[in-house]
Amino acid sequence: AKAGFINFFLKKDFIFDNIQQVLNLNESYGNNKSGKNKNINVEFVSANPTGPIHIAHMRGAVLGDVISSILESNGYNVTREYYVNDAGTQIHSLGNSLFKRYQELFNIKVDILENEYPGNYLIPIAKIIADNDKEKWLNHDEIERKHYFEKYAVNILINNIKDDLTSINVNFDNFIYESEIVKNNLIEKIFSLLKKKNLIYEGFLEKPKGEDNKNWQPRKQLLFKASSFFDDKDRALKKEDGEWTYFANDSAYHYDKFSRNFDQLINIWGADHIGYIDRMKSIISAFSNKDNYLEVCVCQIVRLLSDGKLIK
């Protein structure tokens with residue numbers, strides 16, 4: 001056409017036949033087998049089990065579920081997966097916070113520290129423990145008590161998260177726990193694999209951007225050669241105290257996914273994790289020998305305002 005458009009003319013029989021097909025197939029109209037039954041793991045939400053899920057997480061939940069459904073409609077076998085970070089410092093803080101709420105129920109004065117969780121959502125959880133166990137934990141063995149409160153808090157909070165997700169019809173095939181990844185020592189397998197490929201070494205990193213600590217000193221760390229792949233610098237695998245970093249444990253989890261023979265990994269991450277993408281793609285490329293094995297879809301975090309002020 002003169003205006004620069006291209007006009008298509010469809011025969012009435014073609015239109016009627018397709019309308020009939022839409023009516024007959026209903027919701028399965030358009031489904032096809034182009035995915036050839038390839039196995040895809042879509043990991044999304046994966047909110048830390050340190051508190052209730054909130055609306056910022058729900059945007060990623062809907063996005064991940066929709067992507068999974070589209071893939072299924074195109075003939076892929078999709079596993080919807082939630083990774084539960086139930087290990088490390090944040091879980092120790094969660095357990096301590098719950099124990100303090102438990103102590104308060106017996107009129108013991110406590111102070112919630114800056115790195116702990118002050119939310120009122122822990123109070124009803126503490127009340128359940130107090131109703132069941134009475135004063136049992138007040139003078140109990142510290143190690144056993146810490147383990148109990150951490151595990152109890154995670155279990156309750158994960159069940160609450162599952163309920164909230166189910167309420168918007170988002171359901172998962174797998175909940176994979178970081179504690180199990182750590183327990184199975186998968187990081188050691190990655191360590192051995194990277195060592196054979198000469199991709200780890202002991203070295204020094206530059207001072208992190210935004211680090212205000214005047215006492216910061218460069219220290220020798222176990223580093224992964226992420227800069228040999230997609231990253232702009234190498235990344236630490238061990239902390240100063242010898243513990244594996246979060247990046248190391250997260251790499252072990254992705255190695256676990258790779259070991260389960262998925263043809264493709266897709267992660268849905270919030271925009272606050274955008275700086276984490278290159279290092280993760282780098283280490284996955286290192287052990288999978290594939291440059292595009294992981295695809296990360298980023299969604300912006302929801303911001304809620306009331307009277308012009310940000311609601312936390």
# chains A, B, ... in the order shown; residues from 1 in each chain; ligands from 1

$ residues_around --residues "region 149-158 of chain A" --least-positions-apart "4" --cutoff "8 Å" --atoms "only C-alpha atoms" --output "count of residues only"
15

$ residues_around --residues "His57 (chain A)" --least-positions-apart "6" --cutoff "8 Å" --atoms "only C-alpha atoms" --output "count of residues only"
3

$ residues_around --residues "Ser93 (chain A)" --least-positions-apart "3" --cutoff "7 Å" --atoms "only C-alpha atoms" --output "list in words"
Thr89, Gln90, Asn96, Ser97, Asn115 and Glu116 of chain A

$ closest_atom_pairs --of "region 176-292 of chain A" --to "region 37-43 of chain A" --cutoff "8 Å" --atoms "only C-alpha atoms" --output "JSON lines"
{"residue": "A:Lys257", "atom": "CA", "partner": "A:Asn41", "partner_atom": "CA", "distance": 7.8}
{"residue": "A:Asn261", "atom": "CA", "partner": "A:Asn39", "partner_atom": "CA", "distance": 7.8}
{"residue": "A:Phe262", "atom": "CA", "partner": "A:Asn39", "partner_atom": "CA", "distance": 5.0}
{"residue": "A:Asp263", "atom": "CA", "partner": "A:Asn39", "partner_atom": "CA", "distance": 5.3}
{"residue": "A:Gln264", "atom": "CA", "partner": "A:Ile40", "partner_atom": "CA", "distance": 4.9}
{"residue": "A:Leu265", "atom": "CA", "partner": "A:Asn41", "partner_atom": "CA", "distance": 5.0}
{"residue": "A:Ile266", "atom": "CA", "partner": "A:Val42", "partner_atom": "CA", "distance": 4.7}
{"residue": "A:Asn267", "atom": "CA", "partner": "A:Glu43", "partner_atom": "CA", "distance": 4.9}
{"residue": "A:Ile268", "atom": "CA", "partner": "A:Glu43", "partner_atom": "CA", "distance": 6.3}

$ residues_around --residues "Lys33 (chain A)" --least-positions-apart "6" --cutoff "8 Å" --atoms "only C-alpha atoms" --output "MDAnalysis selection string"
chainID A and resid 73:76

$ atom_distance --atom1 "CA of Val302 (chain A)" --atom2 "CA of Gly60 (chain A)"
9.7 Å

$ select_by_dssp --residues "region 194-310 of chain A" --states "strand (DSSP E or B)" --output "ChimeraX atom specification"
/A:200-204,220-224,235-236,238,244,264-270,294-299,305-306,309-310
